[in-house]
file work_9.csv (CSV, C-alpha atoms)
chain,number,residue,atom,x,y,z
N,1,MET,CA,17.2,4.6,25.1
N,2,THR,CA,19.0,6.1,22.0
N,3,PRO,CA,18.3,4.2,18.8
N,4,ASN,CA,21.2,2.7,16.9
N,5,PRO,CA,22.4,4.8,14.0
N,6,LEU,CA,21.3,3.8,10.6
N,7,THR,CA,23.6,1.7,8.5
N,8,SER,CA,24.4,2.7,4.9
N,9,SER,CA,22.0,0.1,3.6
N,10,GLN,CA,19.2,1.2,5.9
N,11,ARG,CA,19.6,4.8,4.6
N,12,TRP,CA,19.4,3.6,1.0
N,13,LEU,CA,16.3,1.6,2.0
N,14,CYS,CA,14.7,4.9,3.1
N,15,GLY,CA,15.7,6.4,-0.2
N,16,LEU,CA,14.1,3.4,-2.0
N,17,SER,CA,10.9,3.9,-0.1
N,18,PHE,CA,10.9,7.6,-1.2
N,19,PHE,CA,11.4,6.9,-4.9
N,20,ILE,CA,9.3,3.7,-5.1
N,21,ALA,CA,6.2,5.7,-4.0
N,22,ASP,CA,5.5,7.0,-7.5
N,23,VAL,CA,6.2,3.6,-9.1
N,24,ARG,CA,4.4,0.9,-7.2
N,25,ASP,CA,0.9,2.4,-7.5
N,26,GLY,CA,1.2,3.3,-11.2
N,27,LEU,CA,-0.8,6.4,-12.0
N,28,GLY,CA,-2.9,5.9,-8.9
N,29,PRO,CA,-5.7,8.5,-8.6
N,30,PHE,CA,-4.4,10.2,-11.8
N,31,LEU,CA,-5.6,7.1,-13.7
N,32,GLY,CA,-9.3,7.9,-13.3
N,33,VAL,CA,-8.7,11.5,-14.4
N,34,PHE,CA,-6.6,10.4,-17.3
N,35,LEU,CA,-9.2,7.9,-18.5
N,36,MET,CA,-12.0,10.4,-18.1
N,37,GLY,CA,-10.0,12.6,-20.5
N,38,GLN,CA,-10.0,9.7,-22.9
N,39,GLY,CA,-13.9,9.5,-22.8
N,40,TRP,CA,-14.3,6.7,-20.2
N,41,GLN,CA,-17.4,6.6,-18.0
N,42,ALA,CA,-17.2,6.3,-14.2
N,43,ASP,CA,-18.5,2.7,-14.1
N,44,ASP,CA,-16.2,1.6,-16.9
N,45,ILE,CA,-13.2,2.9,-15.0
N,46,GLY,CA,-14.4,1.0,-11.9
N,47,TYR,CA,-14.7,-2.2,-13.9
N,48,LEU,CA,-11.2,-1.8,-15.2
N,49,MET,CA,-9.7,-1.1,-11.8
N,50,GLY,CA,-11.7,-4.1,-10.4
N,51,ALA,CA,-10.4,-6.5,-13.0
N,52,ALA,CA,-6.8,-5.3,-12.4
N,53,GLY,CA,-7.3,-5.7,-8.6
N,54,ILE,CA,-8.5,-9.3,-9.0
N,55,ALA,CA,-5.5,-10.1,-11.1
N,56,GLY,CA,-3.2,-8.7,-8.4
N,57,MET,CA,-5.1,-10.5,-5.7
N,58,LEU,CA,-4.6,-13.9,-7.4
N,59,VAL,CA,-0.8,-13.7,-7.4
N,60,THR,CA,0.0,-11.9,-4.1
N,61,THR,CA,0.4,-15.1,-2.0
N,62,PRO,CA,2.6,-17.0,-4.5
N,63,LEU,CA,4.7,-13.9,-4.9
N,64,GLY,CA,5.1,-13.6,-1.1
N,65,ALA,CA,6.2,-17.2,-1.0
N,66,TRP,CA,8.7,-16.4,-3.8
N,67,VAL,CA,10.1,-13.6,-1.8
N,68,ASP,CA,10.5,-15.9,1.3
N,69,GLY,CA,12.5,-18.4,-0.8
N,70,SER,CA,14.5,-15.8,-2.8
N,71,ARG,CA,18.0,-14.5,-2.0
N,72,ARG,CA,17.7,-12.0,-4.8
N,73,LYS,CA,15.2,-9.6,-3.3
N,74,ARG,CA,16.9,-6.5,-4.8
N,75,ALA,CA,16.7,-8.1,-8.3
N,76,LEU,CA,13.0,-8.9,-7.8
N,77,LEU,CA,12.3,-5.2,-7.0
N,78,ALA,CA,14.4,-3.9,-9.8
N,79,GLY,CA,12.6,-6.2,-12.4
N,80,ALA,CA,9.2,-5.2,-11.0
N,81,THR,CA,10.1,-1.5,-11.3
N,82,LEU,CA,11.3,-1.8,-14.9
N,83,LEU,CA,8.1,-3.7,-15.9
N,84,LEU,CA,5.9,-1.1,-14.3
N,85,LEU,CA,7.7,1.7,-16.1
N,86,ALA,CA,7.4,-0.1,-19.4
N,87,GLY,CA,3.7,-0.7,-18.9
N,88,ASN,CA,3.0,3.0,-18.1
N,89,LEU,CA,5.0,4.2,-21.1
N,90,ALA,CA,2.9,1.9,-23.3
N,91,LEU,CA,-0.3,3.4,-21.9
N,92,TRP,CA,1.0,6.8,-22.6
N,93,ALA,CA,1.9,5.9,-26.2
N,94,TRP,CA,-1.1,3.8,-27.1
N,95,PRO,CA,-4.1,4.7,-24.8
N,96,THR,CA,-6.5,2.3,-26.6
N,97,PRO,CA,-9.0,0.2,-24.5
N,98,ALA,CA,-7.0,-3.0,-25.1
N,99,VAL,CA,-3.6,-1.5,-24.2
N,100,THR,CA,-5.1,0.3,-21.2
N,101,ALA,CA,-6.6,-3.0,-19.8
N,102,ALA,CA,-3.4,-4.9,-20.5
N,103,THR,CA,-1.1,-2.4,-18.8
N,104,GLN,CA,-3.3,-2.0,-15.7
N,105,ILE,CA,-3.6,-5.8,-15.2
N,106,LEU,CA,0.2,-6.0,-15.6
N,107,ALA,CA,0.7,-3.1,-13.1
N,108,ALA,CA,-1.5,-4.9,-10.6
N,109,VAL,CA,0.3,-8.2,-11.0
N,110,VAL,CA,3.7,-6.8,-10.8
N,111,GLY,CA,2.8,-4.3,-8.1
N,112,ALA,CA,1.7,-7.2,-5.9
N,113,LEU,CA,5.3,-8.1,-5.5
N,114,PHE,CA,6.3,-4.8,-3.8
N,115,GLY,CA,4.7,-5.3,-0.4
N,116,PRO,CA,6.2,-8.7,0.4
N,117,ALA,CA,9.6,-7.8,-1.2
N,118,LEU,CA,9.9,-4.5,0.7
N,119,MET,CA,8.9,-6.2,3.9
N,120,GLY,CA,11.4,-9.0,3.4
N,121,LEU,CA,14.2,-6.6,2.6
N,122,THR,CA,13.4,-4.5,5.7
N,123,LEU,CA,13.2,-7.4,8.0
N,124,GLY,CA,16.4,-8.9,6.6
N,125,LEU,CA,18.3,-5.6,7.2
N,126,VAL,CA,17.1,-4.7,10.7
N,127,GLY,CA,15.7,-7.9,12.3
N,128,PRO,CA,12.5,-8.2,14.4
N,129,GLN,CA,13.7,-5.8,17.1
N,130,GLY,CA,14.4,-3.0,14.8
N,131,LEU,CA,11.3,-3.6,12.6
N,132,PRO,CA,8.7,-1.3,14.2
N,133,ARG,CA,10.9,1.8,14.0
N,134,GLN,CA,12.2,1.0,10.5
N,135,LEU,CA,8.6,0.4,9.2
N,136,GLY,CA,7.8,3.9,10.5
N,137,ARG,CA,10.8,5.3,8.7
N,138,ASN,CA,9.9,3.5,5.5
N,139,GLU,CA,6.4,4.7,5.5
N,140,ALA,CA,7.4,8.3,6.3
N,141,TRP,CA,9.9,8.3,3.4
N,142,ASN,CA,7.3,6.6,1.2
N,143,HIS,CA,4.7,9.3,1.9
N,144,ALA,CA,7.4,12.1,1.4
N,145,GLY,CA,8.0,10.6,-2.0
N,146,ASN,CA,4.3,10.6,-2.7
N,147,VAL,CA,4.0,14.3,-1.7
N,148,THR,CA,7.0,15.3,-3.9
N,149,ALA,CA,5.7,13.3,-6.9
N,150,ALA,CA,2.1,14.5,-6.5
N,151,ALA,CA,3.2,18.2,-6.2
N,152,LEU,CA,5.5,17.9,-9.2
N,153,ALA,CA,2.9,16.0,-11.2
N,154,GLY,CA,0.2,18.6,-10.4
N,155,LEU,CA,2.5,21.5,-11.4
N,156,ALA,CA,3.8,19.8,-14.5
N,157,GLY,CA,0.4,18.5,-15.5
N,158,TYR,CA,-1.1,21.9,-15.2
N,159,ARG,CA,1.7,23.4,-17.3
N,160,TRP,CA,2.3,20.6,-19.9
N,161,GLY,CA,-0.7,18.2,-19.5
N,162,PRO,CA,-1.0,14.5,-18.5
N,163,PRO,CA,2.2,13.4,-20.4
N,164,ALA,CA,4.3,15.1,-17.7
N,165,VAL,CA,3.0,12.6,-15.1
N,166,PHE,CA,4.4,9.7,-17.1
N,167,VAL,CA,7.8,11.4,-17.5
N,168,LEU,CA,8.0,12.1,-13.7
N,169,MET,CA,7.3,8.4,-13.0
N,170,VAL,CA,10.2,7.3,-15.2
N,171,LEU,CA,12.5,9.7,-13.3
N,172,MET,CA,11.3,8.4,-9.9
N,173,GLY,CA,11.8,4.8,-11.2
N,174,CYS,CA,15.5,5.6,-12.0
N,175,GLY,CA,16.0,6.9,-8.5
N,176,ALA,CA,14.5,3.7,-7.1
N,177,LEU,CA,16.9,1.6,-9.2
N,178,LEU,CA,19.9,3.6,-7.9
N,179,CYS,CA,18.9,3.0,-4.3
N,180,LEU,CA,18.5,-0.7,-4.9
N,181,ALA,CA,21.9,-0.9,-6.4
N,182,CYS,CA,23.4,0.8,-3.3
N,183,ILE,CA,21.9,-1.6,-0.7
N,184,ARG,CA,24.7,-4.0,0.1
N,185,PRO,CA,23.7,-7.7,-0.4
N,186,ARG,CA,25.9,-8.8,2.5
N,187,ASP,CA,23.8,-6.7,4.9
N,188,ILE,CA,20.6,-8.8,4.2
N,189,ASP,CA,20.0,-11.8,6.4
N,190,HIS,CA,17.6,-13.9,4.2
N,191,ASP,CA,16.7,-16.3,7.0
N,192,VAL,CA,15.6,-13.4,9.2
N,193,ALA,CA,13.9,-11.8,6.2
N,194,ARG,CA,11.4,-14.7,6.1
N,195,GLY,CA,10.9,-15.0,9.9
N,196,LEU,CA,13.5,-17.6,10.8
N,197,GLU,CA,15.5,-16.1,13.7
N,198,ALA,CA,18.2,-18.8,13.8
N,199,ARG,CA,19.8,-20.9,11.1
N,200,PRO,CA,19.3,-24.7,11.3
N,201,ALA,CA,22.2,-26.6,12.9
N,202,ALA,CA,24.7,-27.9,10.4
N,203,GLY,CA,23.9,-31.5,9.4
N,204,HIS,CA,20.4,-31.3,11.0
N,205,PRO,CA,18.3,-29.2,8.7
N,206,SER,CA,14.8,-28.6,10.0
N,207,PRO,CA,12.7,-27.2,7.2
N,208,PRO,CA,9.9,-25.0,8.2
N,209,PRO,CA,6.3,-26.2,7.7
N,210,SER,CA,4.5,-25.3,4.4
N,211,ALA,CA,3.2,-21.8,4.0
N,212,TRP,CA,-0.3,-23.0,3.5
N,213,ARG,CA,-0.2,-24.9,6.8
N,214,VAL,CA,1.0,-21.9,8.7
N,215,LEU,CA,-1.6,-19.7,7.2
N,216,ALA,CA,-4.5,-22.1,7.7
N,217,ALA,CA,-3.5,-22.6,11.4
N,218,SER,CA,-3.6,-18.9,12.2
N,219,ARG,CA,-7.2,-17.9,13.1
N,220,GLU,CA,-6.0,-14.4,14.0
N,221,LEU,CA,-4.3,-14.0,10.6
N,222,ARG,CA,-7.6,-15.0,8.8
N,223,LEU,CA,-9.6,-12.5,10.8
N,224,LEU,CA,-7.0,-9.8,10.1
N,225,ALA,CA,-7.3,-10.6,6.4
N,226,VAL,CA,-11.1,-10.1,6.5
N,227,THR,CA,-10.6,-6.9,8.4
N,228,MET,CA,-8.2,-5.6,5.7
N,229,MET,CA,-10.6,-6.7,3.0
N,230,LEU,CA,-13.4,-4.5,4.5
N,231,PHE,CA,-11.0,-1.6,5.1
N,232,HIS,CA,-9.9,-1.6,1.4
N,233,LEU,CA,-13.4,-2.1,0.2
N,234,GLY,CA,-14.2,1.2,1.8
N,235,ASN,CA,-10.8,2.9,1.2
N,236,ALA,CA,-9.5,2.0,-2.3
N,237,ALA,CA,-12.0,3.9,-4.4
N,238,MET,CA,-12.5,6.9,-2.1
N,239,LEU,CA,-9.6,9.1,-3.3
N,240,PRO,CA,-10.2,8.4,-7.0
N,241,LEU,CA,-13.9,8.9,-6.5
N,242,LEU,CA,-13.3,12.3,-4.8
N,243,GLY,CA,-11.2,13.5,-7.8
N,244,GLN,CA,-13.8,12.2,-10.3
N,245,SER,CA,-16.7,13.8,-8.5
N,246,VAL,CA,-15.0,17.2,-8.6
N,247,VAL,CA,-14.0,16.8,-12.3
N,248,ALA,CA,-17.5,15.7,-13.2
N,249,ARG,CA,-18.9,18.9,-11.7
N,250,GLY,CA,-16.3,21.0,-13.4
N,251,GLN,CA,-15.2,22.6,-10.1
N,252,ALA,CA,-11.4,22.3,-10.5
N,253,ASP,CA,-8.5,21.6,-12.9
N,254,PRO,CA,-8.2,17.7,-13.1
N,255,SER,CA,-4.4,17.5,-12.6
N,256,ALA,CA,-4.0,20.2,-10.0
N,257,PHE,CA,-7.0,19.0,-7.9
N,258,THR,CA,-5.9,15.3,-8.0
N,259,ALA,CA,-2.4,16.4,-6.9
N,260,SER,CA,-3.8,18.4,-4.1
N,261,THR,CA,-5.8,15.5,-2.7
N,262,ILE,CA,-2.6,13.4,-2.6
N,263,VAL,CA,-0.4,16.2,-1.1
N,264,VAL,CA,-2.8,16.9,1.8
N,265,ALA,CA,-3.1,13.2,2.7
N,266,GLN,CA,0.6,12.5,2.4
N,267,LEU,CA,1.7,15.4,4.5
N,268,VAL,CA,-0.3,14.0,7.3
N,269,MET,CA,0.9,10.5,6.7
N,270,ILE,CA,4.6,11.4,7.3
N,271,PRO,CA,4.3,12.3,11.0
N,272,ALA,CA,1.5,9.6,11.4
N,273,ALA,CA,3.9,6.9,10.2
N,274,LEU,CA,6.8,8.1,12.4
N,275,LEU,CA,4.6,8.2,15.5
N,276,ALA,CA,3.1,4.8,14.6
N,277,GLY,CA,6.6,3.2,14.5
N,278,ARG,CA,7.5,4.6,17.9
N,279,HIS,CA,4.1,3.6,19.4
N,280,ALA,CA,4.4,0.1,18.0
N,281,GLU,CA,7.9,-0.3,19.5
N,282,ARG,CA,6.5,0.3,23.0
N,283,HIS,CA,2.9,-0.8,22.8
N,284,GLY,CA,2.3,-3.0,19.8
N,285,TYR,CA,0.1,-2.6,16.8
N,286,ARG,CA,-3.5,-3.2,17.9
N,287,ALA,CA,-4.5,0.4,18.7
N,288,LEU,CA,-3.0,1.6,15.5
N,289,VAL,CA,-5.2,-0.7,13.4
N,290,THR,CA,-8.3,0.3,15.4
N,291,VAL,CA,-7.8,4.0,14.9
N,292,ALA,CA,-7.0,3.5,11.2
N,293,LEU,CA,-10.2,1.7,10.7
N,294,ALA,CA,-12.3,4.1,12.8
N,295,VAL,CA,-11.4,7.2,10.8
N,296,LEU,CA,-12.6,5.9,7.4
N,297,PRO,CA,-16.4,6.0,8.2
N,298,LEU,CA,-16.0,9.6,9.3
N,299,ARG,CA,-14.1,10.4,6.1
N,300,GLY,CA,-16.9,8.9,4.0
N,301,ALA,CA,-19.6,10.8,5.8
N,302,ILE,CA,-17.8,14.1,5.2
N,303,ALA,CA,-17.3,13.4,1.5
N,304,ALA,CA,-20.9,12.4,1.2
N,305,ALA,CA,-22.3,15.5,3.0
N,306,TRP,CA,-20.1,18.2,1.6
N,307,ALA,CA,-20.1,18.4,-2.2
N,308,SER,CA,-17.3,21.0,-2.5
N,309,PRO,CA,-13.6,21.0,-3.5
N,310,TRP,CA,-12.8,22.2,0.0
N,311,ALA,CA,-14.0,18.8,1.4
N,312,LEU,CA,-10.7,17.4,0.3
N,313,ILE,CA,-9.0,19.0,3.4
N,314,PRO,CA,-10.8,17.1,6.2
N,315,VAL,CA,-11.3,14.0,4.0
N,316,GLN,CA,-7.6,13.7,3.1
N,317,VAL,CA,-6.4,14.7,6.6
N,318,LEU,CA,-8.3,11.7,7.9
N,319,ASP,CA,-6.9,9.6,5.0
N,320,GLY,CA,-3.4,10.6,6.1
N,321,VAL,CA,-4.1,9.4,9.6
N,322,GLY,CA,-5.6,6.1,8.6
N,323,ALA,CA,-3.1,5.2,5.9
N,324,GLY,CA,-0.1,6.4,7.9
N,325,LEU,CA,-1.0,4.1,10.8
N,326,MET,CA,-2.1,1.2,8.7
N,327,GLY,CA,1.1,1.2,6.6
N,328,VAL,CA,3.1,0.5,9.7
N,329,ALA,CA,0.7,-1.7,11.6
N,330,LEU,CA,-0.3,-4.3,9.0
N,331,PRO,CA,3.2,-5.7,8.1
N,332,GLY,CA,4.3,-5.4,11.7
N,333,LEU,CA,1.2,-7.3,13.0
N,334,VAL,CA,1.7,-10.0,10.4
N,335,ALA,CA,5.4,-10.3,11.4
N,336,HIS,CA,4.3,-10.6,15.0
N,337,MET,CA,1.7,-13.3,14.3
N,338,LEU,CA,4.1,-15.4,12.2
N,339,ARG,CA,7.4,-14.8,13.9
N,340,GLY,CA,9.5,-18.0,13.8
N,341,SER,CA,7.4,-19.6,11.1
N,342,GLY,CA,9.7,-18.9,8.1
N,343,HIS,CA,6.7,-17.7,6.1
N,344,ILE,CA,6.2,-14.0,7.1
N,345,ASN,CA,6.2,-12.7,3.6
N,346,ALA,CA,3.9,-15.5,2.3
N,347,GLY,CA,1.6,-14.6,5.3
N,348,LEU,CA,1.7,-10.9,4.4
N,349,GLY,CA,1.1,-11.9,0.7
N,350,ALA,CA,-2.0,-13.9,1.9
N,351,VAL,CA,-3.4,-11.0,3.8
N,352,MET,CA,-2.8,-8.7,0.9
N,353,ALA,CA,-4.5,-11.2,-1.4
N,354,ILE,CA,-7.6,-11.2,0.7
N,355,GLN,CA,-7.5,-7.4,1.1
N,356,GLY,CA,-7.1,-7.3,-2.7
N,357,ILE,CA,-10.6,-8.6,-3.0
N,358,GLY,CA,-11.9,-5.5,-1.2
N,359,ALA,CA,-9.6,-3.2,-3.2
N,360,ALA,CA,-10.7,-4.8,-6.5
N,361,LEU,CA,-14.4,-4.6,-5.7
N,362,SER,CA,-14.2,-1.1,-4.2
N,363,PRO,CA,-14.0,0.8,-7.5
N,364,VAL,CA,-16.6,-1.5,-9.1
N,365,LEU,CA,-19.0,-0.9,-6.2
N,366,ALA,CA,-18.3,2.9,-6.0
N,367,GLY,CA,-18.4,3.4,-9.7
N,368,TRP,CA,-21.7,1.6,-10.1
N,369,ILE,CA,-23.3,3.5,-7.2
N,370,ALA,CA,-21.9,6.8,-8.4
N,371,GLN,CA,-23.2,6.2,-11.9
N,372,HIS,CA,-26.8,5.3,-10.8
N,373,PHE,CA,-27.3,6.9,-7.4
N,374,GLY,CA,-24.8,9.8,-7.2
N,375,TYR,CA,-21.4,10.4,-5.6
N,376,ALA,CA,-22.9,11.1,-2.1
N,377,ALA,CA,-24.4,7.6,-2.0
N,378,ALA,CA,-21.1,6.0,-3.1
N,379,PHE,CA,-19.1,7.8,-0.4
N,380,ALA,CA,-21.6,6.7,2.3
N,381,THR,CA,-21.5,3.1,1.2
N,382,LEU,CA,-17.7,3.1,1.3
N,383,GLY,CA,-17.7,4.5,4.8
N,384,GLY,CA,-20.1,1.8,5.9
N,385,CYS,CA,-17.8,-1.0,4.7
N,386,ALA,CA,-15.0,0.3,6.9
N,387,ALA,CA,-17.4,0.6,9.9
N,388,LEU,CA,-18.0,-3.2,9.6
N,389,GLY,CA,-14.2,-3.7,9.5
N,390,VAL,CA,-13.9,-2.1,13.0
N,391,LEU,CA,-16.3,-4.7,14.4
N,392,VAL,CA,-14.5,-7.6,12.8
N,393,PHE,CA,-11.1,-6.5,14.1
N,394,ARG,CA,-12.4,-6.0,17.6
N,395,TYR,CA,-13.7,-9.5,17.6
N,396,ALA,CA,-10.4,-10.8,16.2
N,397,MET,CA,-8.4,-9.2,19.0
N,398,LEU,CA,-10.8,-10.4,21.6
N,399,GLN,CA,-10.3,-13.9,20.4
N,400,ALA,CA,-6.5,-13.5,20.4
N,401,ILE,CA,-6.5,-12.0,24.0
N,402,ASN,CA,-8.7,-14.9,25.2
N,403,ALA,CA,-6.2,-17.3,23.6
N,404,HIS,CA,-3.3,-15.4,25.4
N,405,ARG,CA,-1.6,-14.7,22.1
N,406,PHE,CA,-1.4,-10.9,22.5
call {"tool": "encode", "arguments": {"input": "work_9.csv", "output": "structure tokens"}}
result
Amino acid sequence: MTPNPLTSSQRWLCGLSFFIADVRDGLGPFLGVFLMGQGWQADDIGYLMGAAGIAGMLVTTPLGAWVDGSRRKRALLAGATLLLLAGNLALWAWPTPAVTAATQILAAVVGALFGPALMGLTLGLVGPQGLPRQLGRNEAWNHAGNVTAAALAGLAGYRWGPPAVFVLMVLMGCGALLCLACIRPRDIDHDVARGLEARPAAGHPSPPPSAWRVLAASRELRLLAVTMMLFHLGNAAMLPLLGQSVVARGQADPSAFTASTIVVAQLVMIPAALLAGRHAERHGYRALVTVALAVLPLRGAIAAAWASPWALIPVQVLDGVGAGLMGVALPGLVAHMLRGSGHINAGLGAVMAIQGIGAALSPVLAGWIAQHFGYAAAFATLGGCAALGVLVFRYAMLQAINAHRF
């Protein structure tokens, strides 16, 4: 069956996914390298990233509920983009410990809005039937944006130093704002965007149950959240740690190597995301999550055993597979679990909040182990966390199958 052609708003949504890639994650792996250049130690960087992650975790569910109730999703994303750009420019101008901590906490809090808001915008534009394929497109364009930004940042950073990374982020942010302005408000169905597939009959409003009741009643959603927590406990610190380990040994230029790690992974993520969208359209999301979880322990083992800059190729190829699949599977699986509830974005926010615990603790755990036991031990520990996530997810899916929900 030939897919329906993209509407104008859907094409601009793809553009938004491209440009937002360099905005929503802030400096990303460049942060660790930037802070090491300012004299920070590996464990101190980990503590800062952990504190920022906890701040983001605390607000993700309320922000998801805000997205569910809002009919100004474009404005929410525009405001978040402007705040992130302002914070990163402040870090560039005044890289003191206090300013660094404040801007990274702000980035984590504001960045927590992007996942639910993009999910709501996508679902409101394409509906549940078109969601798997559009999620694949969004992720592919997002990774293409990351490749472009990382390559440009690496080249510019090598030529002009770290300030070039900040300038590039501002340019990408302007592109994201332009795409948001071009998405037509009338194309967004805000009821469908929150998981309500039909409007209440006139004169007989039937308000959906509270978000907390929906979330508390879904055992599968809770188990999925624990799985994601373990995945991000193993995954969040692995790329920054890889860059820090090479820089600490003096084996490569900081900006160029960090950009290379991103480019390798993102080039793999583009086809992985497109294939994931097509697979999910026909077969669902379970196999995608399983594969994404399974590659992370292998990635950690390679990074632990091979102390060489060349390790970035297999390590980041596997990262591309895992992240490309998970970026499509997680929002799609949450939408499937909560379809009809009216609280899909709150549900996604809740899962992202729990996974935020893992993402917040990951740099703390990895930084402490790297400082006291070495980088190889840190990589092995991160891989072990992901292996435990595989077991939890398999148990969750067994419970769902027994309950005839999948």
call {"tool": "closest_residue", "arguments": {"input": "work_9.csv", "among": "N:Leu325, N:Leu274, N:Ala236, N:Ala294", "to": "Leu382 in chain N", "atoms": "all atoms listed in the file"}}
result
N:Ala236
call {"tool": "residues_around", "arguments": {"input": "work_9.csv", "residues": "Arg184 in chain N", "least_positions_apart": "3", "cutoff": "9 Å", "atoms": "all atoms listed in the file", "output": "list in words"}}
result
Ser8, Ser9, Leu180, Ala181, Asp187 and Ile188 of chain N
call {"tool": "atom_distance", "arguments": {"input": "work_9.csv", "atom1": "CA of Val390 in chain N", "atom2": "CA of Leu221 in chain N"}}
result
15.5 Å
call {"tool": "atom_distance", "arguments": {"input": "work_9.csv", "atom1": "CA of Val109 in chain N", "atom2": "CA of Gly56 in chain N"}}
result
4.4 Å
call {"tool": "atom_distance", "arguments": {"input": "work_9.csv", "atom1": "CA of Asp191 in chain N", "atom2": "CA of Leu84 in chain N"}}
result
28.3 Å
call {"tool": "closest_residue", "arguments": {"input": "work_9.csv", "among": "N:Val289, N:His190, N:Ser70, N:Glu281", "to": "Ala396 in chain N", "atoms": "all atoms listed in the file"}}
result
N:Val289
call {"tool": "closest_residue", "arguments": {"input": "work_9.csv", "among": "N:Ile262, N:Leu106, N:Ala273, N:Thr96", "to": "Ala153 in chain N", "atoms": "only C-alpha atoms"}}
result
N:Ile262
call {"tool": "closest_residue", "arguments": {"input": "work_9.csv", "among": "N:Gly342, N:Gly195, N:Gly367, N:Gly358", "to": "Leu123 in chain N", "atoms": "all atoms listed in the file"}}
result
N:Gly195
call {"tool": "closest_residue", "arguments": {"input": "work_9.csv", "among": "N:Arg299, N:Arg24, N:Arg133, N:Arg282", "to": "Val110 in chain N", "atoms": "all atoms listed in the file"}}
result
N:Arg24
call {"tool": "residues_near_point", "arguments": {"input": "work_9.csv", "point": "(-17.1, 10.3, 7.6)", "cutoff": "10 Å", "atoms": "only C-alpha atoms", "output": "list in words"}}
result
Ala294, Val295, Leu296, Pro297, Leu298, Arg299, Gly300, Ala301, Ile302, Ala303, Ala304, Ala305, Pro314, Val315, Leu318, Phe379, Ala380, Leu382, Gly383, Gly384 and Ala387 of chain N
call {"tool": "residues_near_point", "arguments": {"input": "work_9.csv", "point": "(14.1, 2.8, 9.0)", "cutoff": "8 Å", "atoms": "only C-alpha atoms", "output": "list in words"}}
result
Leu6, Gln10, Arg11, Leu13, Cys14, Leu131, Arg133, Gln134, Leu135, Gly136, Arg137 and Asn138 of chain N
call {"tool": "closest_residue", "arguments": {"input": "work_9.csv", "among": "N:Tyr285, N:Trp368, N:Trp306, N:Tyr375", "to": "Met337 in chain N", "atoms": "all atoms listed in the file"}}
result
N:Tyr285
call {"tool": "residues_around", "arguments": {"input": "work_9.csv", "residues": "Ala265 in chain N", "least_positions_apart": "2", "cutoff": "6 Å", "atoms": "only C-alpha atoms", "output": "list in words"}}
result
Ile262, Val263, Leu267, Val268, Gln316, Val317, Asp319 and Gly320 of chain N
call {"tool": "closest_atom_pairs", "arguments": {"input": "work_9.csv", "of": "range 63-115 of chain N", "to": "range 170-176 of chain N", "cutoff": "9 Å", "atoms": "only C-alpha atoms", "output": "tab-separated table"}}
result
residue	atom	partner	partner_atom	distance
N:Ala78	CA	N:Ala176	CA	8.1
N:Thr81	CA	N:Gly173	CA	6.5
N:Leu82	CA	N:Gly173	CA	7.6
N:Leu84	CA	N:Gly173	CA	8.9
N:Leu85	CA	N:Val170	CA	6.2
N:Ala86	CA	N:Val170	CA	9.0
N:Asn88	CA	N:Val170	CA	8.9
N:Leu89	CA	N:Val170	CA	8.5
